[in-house]
$ cat coords25.tsv   # TSV, C-alpha atoms
chain	number	residue	atom	x	y	z
A	13	MET	CA	-16.01	-8.27	-10.21
A	14	GLY	CA	-17.28	-8.22	-6.63
A	15	ILE	CA	-14.74	-10.84	-5.60
A	16	LEU	CA	-11.99	-8.83	-7.25
A	17	ILE	CA	-12.98	-5.63	-5.44
A	18	GLY	CA	-13.13	-7.50	-2.12
A	19	VAL	CA	-9.69	-9.02	-2.69
A	20	PHE	CA	-8.32	-5.60	-3.59
A	21	CYS	CA	-9.76	-4.09	-0.40
A	22	VAL	CA	-7.88	-6.68	1.65
A	23	ALA	CA	-4.71	-6.19	-0.41
A	24	VAL	CA	-4.79	-2.41	-0.02
A	25	PHE	CA	-5.37	-2.68	3.72
A	26	MET	CA	-2.53	-5.18	4.21
A	27	ASP	CA	-0.20	-3.13	2.01
A	28	TRP	CA	-1.06	0.05	3.88
A	29	GLN	CA	-0.59	-1.51	7.32
A	30	TYR	CA	2.27	-3.97	6.80
A	31	TYR	CA	3.90	-3.13	3.44
A	32	ARG	CA	3.07	-6.69	2.30
A	33	ILE	CA	0.35	-8.24	0.20
A	34	PRO	CA	-0.41	-11.80	1.33
A	35	ASN	CA	-0.09	-14.56	-1.24
A	36	ALA	CA	-3.42	-16.01	-0.08
A	37	CYS	CA	-5.13	-12.79	-1.05
A	38	VAL	CA	-3.68	-12.72	-4.55
A	39	LEU	CA	-4.16	-16.46	-5.07
A	40	THR	CA	-7.83	-16.16	-4.08
A	41	GLY	CA	-8.42	-13.36	-6.58
A	42	GLY	CA	-6.46	-15.11	-9.32
A	43	ALA	CA	-8.22	-18.43	-8.77
A	44	ALA	CA	-11.60	-16.71	-8.90
A	45	GLY	CA	-10.63	-15.07	-12.18
A	46	LEU	CA	-9.44	-18.35	-13.67
A	47	ILE	CA	-12.56	-20.21	-12.54
A	48	MET	CA	-14.85	-17.54	-13.99
A	49	ALA	CA	-12.86	-17.41	-17.23
A	50	SER	CA	-13.07	-21.17	-17.66
A	51	ARG	CA	-16.77	-21.23	-16.79
A	52	PHE	CA	-17.87	-18.45	-19.13
A	53	TYR	CA	-15.29	-18.83	-21.90
A	54	ALA	CA	-14.46	-22.56	-21.62
A	55	ALA	CA	-10.89	-23.76	-22.09
A	56	ALA	CA	-10.01	-20.89	-24.43
A	57	GLY	CA	-10.84	-18.35	-21.71
A	58	PHE	CA	-8.81	-20.24	-19.14
A	59	LEU	CA	-5.79	-20.38	-21.47
A	60	GLU	CA	-6.17	-16.69	-22.34
A	61	ALA	CA	-6.26	-15.76	-18.65
A	62	VAL	CA	-3.19	-17.86	-17.86
A	63	GLY	CA	-1.42	-16.41	-20.89
A	64	MET	CA	-2.18	-12.83	-19.87
A	65	ALA	CA	-0.95	-13.48	-16.33
A	66	ALA	CA	2.25	-15.00	-17.75
A	67	VAL	CA	2.83	-12.04	-20.08
A	68	ILE	CA	2.33	-9.61	-17.20
A	69	PHE	CA	4.80	-11.61	-15.11
A	70	LEU	CA	7.39	-11.51	-17.90
A	71	ALA	CA	6.85	-7.78	-18.41
A	72	PHE	CA	6.99	-6.70	-14.76
A	73	TYR	CA	9.34	-9.22	-13.11
A	74	PRO	CA	12.47	-7.41	-14.36
A	75	PHE	CA	11.22	-4.26	-12.62
A	76	TYR	CA	10.90	-6.26	-9.42
A	77	LEU	CA	14.47	-7.51	-9.82
A	78	MET	CA	15.68	-3.91	-10.22
A	79	GLY	CA	13.79	-2.88	-7.08
A	80	ALA	CA	11.39	-0.59	-8.95
A	81	LEU	CA	8.33	-2.68	-8.02
A	82	GLY	CA	7.49	-4.83	-5.08
A	83	ALA	CA	6.63	-8.50	-5.42
A	84	GLY	CA	3.08	-7.76	-4.29
A	85	ASP	CA	2.63	-5.25	-7.09
A	86	VAL	CA	3.69	-7.81	-9.68
A	87	LYS	CA	1.36	-10.39	-8.12
A	88	LEU	CA	-1.57	-7.94	-8.16
A	89	PHE	CA	-1.00	-7.22	-11.85
A	90	MET	CA	-0.79	-10.95	-12.56
A	91	MET	CA	-4.07	-11.41	-10.70
A	92	MET	CA	-5.63	-8.79	-12.97
A	93	GLY	CA	-4.35	-10.78	-15.94
A	94	CYS	CA	-6.56	-13.66	-14.77
A	95	TYR	CA	-9.53	-11.37	-15.47
A	96	GLY	CA	-8.19	-10.64	-18.96
A	97	PRO	CA	-10.92	-12.45	-20.89
A	98	TYR	CA	-13.47	-10.02	-19.41
A	99	MET	CA	-11.45	-6.89	-20.10
A	100	GLY	CA	-9.80	-7.96	-23.32
A	101	THR	CA	-6.16	-7.29	-24.11
A	102	GLY	CA	-6.80	-3.62	-24.84
A	103	GLY	CA	-8.77	-3.20	-21.63
A	104	LEU	CA	-6.02	-4.80	-19.57
A	105	ILE	CA	-3.37	-2.57	-21.14
A	106	HIS	CA	-5.59	0.45	-20.55
A	107	TYR	CA	-6.04	-0.61	-16.91
A	108	LEU	CA	-2.27	-0.88	-16.44
A	109	LEU	CA	-1.69	2.51	-18.09
A	110	VAL	CA	-4.30	4.21	-15.91
A	111	THR	CA	-2.76	2.57	-12.84
A	112	MET	CA	0.70	3.83	-13.77
A	113	GLY	CA	-0.69	7.30	-14.49
A	114	ILE	CA	-2.29	7.49	-11.05
A	115	ALA	CA	0.96	6.22	-9.49
A	116	ALA	CA	2.93	8.87	-11.38
A	117	ALA	CA	0.61	11.59	-10.08
A	118	VAL	CA	1.00	10.30	-6.52
A	119	SER	CA	4.76	10.15	-6.95
A	120	LEU	CA	4.87	13.72	-8.26
A	121	ALA	CA	2.79	14.91	-5.31
A	122	LYS	CA	5.16	13.13	-2.90
A	123	MET	CA	8.15	14.79	-4.57
A	124	ILE	CA	6.56	18.17	-4.06
A	125	VAL	CA	5.63	17.54	-0.43
A	126	TYR	CA	8.54	15.46	0.92
A	127	PRO	CA	12.19	16.51	0.53
A	128	GLU	CA	13.23	12.87	0.96
A	129	SER	CA	11.44	12.02	-2.28
A	130	ARG	CA	13.35	14.72	-4.16
A	131	GLU	CA	16.62	13.38	-2.71
A	132	ARG	CA	15.68	9.88	-3.93
A	133	LEU	CA	14.99	11.28	-7.40
A	134	PHE	CA	18.38	12.99	-7.54
A	135	TYR	CA	20.06	9.81	-6.34
A	136	LEU	CA	18.27	7.84	-9.04
A	137	MET	CA	19.35	10.34	-11.71
A	138	ARG	CA	22.98	10.10	-10.61
A	139	TYR	CA	22.73	6.32	-10.54
A	140	LEU	CA	21.27	6.17	-14.06
A	141	ARG	CA	23.86	8.63	-15.38
A	142	LYS	CA	26.69	6.55	-13.92
A	143	ALA	CA	25.21	3.36	-15.37
A	144	ALA	CA	24.82	4.96	-18.80
A	145	MET	CA	28.34	6.45	-18.83
A	146	THR	CA	30.29	3.51	-17.43
A	147	GLY	CA	28.04	0.57	-18.25
A	148	ALA	CA	28.49	-0.63	-14.68
A	149	VAL	CA	25.31	-1.45	-12.84
A	150	ASP	CA	25.75	-1.54	-9.08
A	151	ALA	CA	23.12	-2.56	-6.59
A	152	TYR	CA	20.63	0.28	-6.35
A	153	GLN	CA	20.53	1.30	-2.70
A	154	VAL	CA	17.03	1.66	-1.32
A	155	ASP	CA	16.74	3.23	2.11
A	156	ARG	CA	13.89	1.38	3.82
A	157	ALA	CA	13.76	4.06	6.50
A	158	GLN	CA	12.29	6.56	4.03
A	159	ARG	CA	8.87	4.91	3.85
A	160	ARG	CA	7.17	8.22	3.02
A	161	CYS	CA	8.89	8.12	-0.38
A	162	VAL	CA	7.43	4.76	-1.35
A	163	VAL	CA	4.53	4.67	-3.78
A	164	ARG	CA	2.51	1.56	-3.11
A	165	LEU	CA	0.91	0.47	-6.36
A	166	SER	CA	-1.94	-1.38	-4.67
A	167	ILE	CA	-3.76	1.90	-4.08
A	168	PRO	CA	-3.46	3.25	-7.66
A	169	ALA	CA	-4.36	-0.22	-8.96
A	170	PHE	CA	-7.47	-0.25	-6.78
A	171	LEU	CA	-8.46	3.26	-7.86
A	172	SER	CA	-7.99	2.25	-11.49
A	173	LEU	CA	-10.20	-0.81	-10.93
A	174	ILE	CA	-12.93	1.35	-9.34
A	175	LEU	CA	-12.77	3.78	-12.27
A	176	MET	CA	-13.00	0.89	-14.72
A	177	CYS	CA	-15.97	-0.68	-12.91
A	178	ALA	CA	-17.69	2.73	-12.74
A	179	GLY	CA	-17.41	3.02	-16.51
A	180	VAL	CA	-15.08	6.02	-16.52
A	181	TYR	CA	-12.95	4.11	-19.06
A	182	ALA	CA	-13.52	0.85	-20.83
$ encode --input "coords25.tsv" --output "structure tokens"
Amino acid sequence: MGILIGVFCVAVFMDWQYYRIPNACVLTGGAAGLIMASRFYAAAGFLEAVGMAAVIFLAFYPFYLMGALGAGDVKLFMMMGCYGPYMGTGGLIHYLLVTMGIAAAVSLAKMIVYPESRERLFYLMRYLRKAAMTGAVDAYQVDRAQRRCVVRLSIPAFLSLILMCAGVYA
């Protein structure tokens, strides 16, 4: 898990500074997970890790297409799927739920502190209402100038990993 924590430190730093998570960072962490899974669990562990990464991709890629997640967030979650044989399916799901819970708390705090975040929430509600009433789905407009409103999932994902490694949850 030391490699994973190191990769996450780099990913969080790059996301914080540049709003991007380098592919090399995620590929390094994913490759380490796949190598360890194949070494300790043979071919079955390797296939399980690849399968978990693929399921995570299929689950989260639509959210990327809608603009709800960044590509780096999806890649980080896929990287965690490569460590699936160690965590087990239940552990991986628990990790993702804790990550989303931390992200929700951060988002709520941002809505309390920043008026721009509340405006984004109201815009989203109007957008969803229009889509539900008319069935028409327009391009969701994201204002890149309001960077304070963005919740970067690399930080909640890292905090969730630290909590998991510390034994706060299994």
$ residues_around --input "coords25.tsv" --residues "Tyr139 in chain A" --least-positions-apart "3" --cutoff "9 Å" --atoms "all atoms listed in the file" --output "mmCIF file with C-alpha atoms, keeping the file's coordinate frame"
data_model
loop_
_atom_site.group_PDB
_atom_site.id
_atom_site.type_symbol
_atom_site.label_atom_id
_atom_site.label_comp_id
_atom_site.auth_asym_id
_atom_site.auth_seq_id
_atom_site.Cartn_x
_atom_site.Cartn_y
_atom_site.Cartn_z
ATOM 1 C CA PHE A 134 18.380 12.990 -7.540
ATOM 2 C CA TYR A 135 20.060 9.810 -6.340
ATOM 3 C CA LEU A 136 18.270 7.840 -9.040
ATOM 4 C CA LYS A 142 26.690 6.550 -13.920
ATOM 5 C CA ALA A 143 25.210 3.360 -15.370
ATOM 6 C CA ALA A 144 24.820 4.960 -18.800
ATOM 7 C CA VAL A 149 25.310 -1.450 -12.840
ATOM 8 C CA ASP A 150 25.750 -1.540 -9.080
ATOM 9 C CA TYR A 152 20.630 0.280 -6.350
#
$ atom_distance --input "coords25.tsv" --atom1 "CA of Arg32 in chain A" --atom2 "CA of Gly100 in chain A"
28.7 Å
$ atom_distance --input "coords25.tsv" --atom1 "CA of Val86 in chain A" --atom2 "CA of Tyr73 in chain A"
6.8 Å
$ closest_residue --input "coords25.tsv" --among "A:Ala116, A:Leu81, A:Cys21, A:Leu165" --to "Cys37 in chain A" --atoms "only C-alpha atoms"
A:Cys21
$ atom_distance --input "coords25.tsv" --atom1 "CA of Arg138 in chain A" --atom2 "CA of Met78 in chain A"
15.8 Å
$ axis_aligned_box --input "coords25.tsv" --around "range 65-82 of chain A" --padding-each-side "4 Å" --output "lines of an AutoDock Vina configuration file"
center_x = 7.4
center_y = -7.8
center_z = -12.6
size_x = 24.6
size_y = 22.4
size_z = 23.0
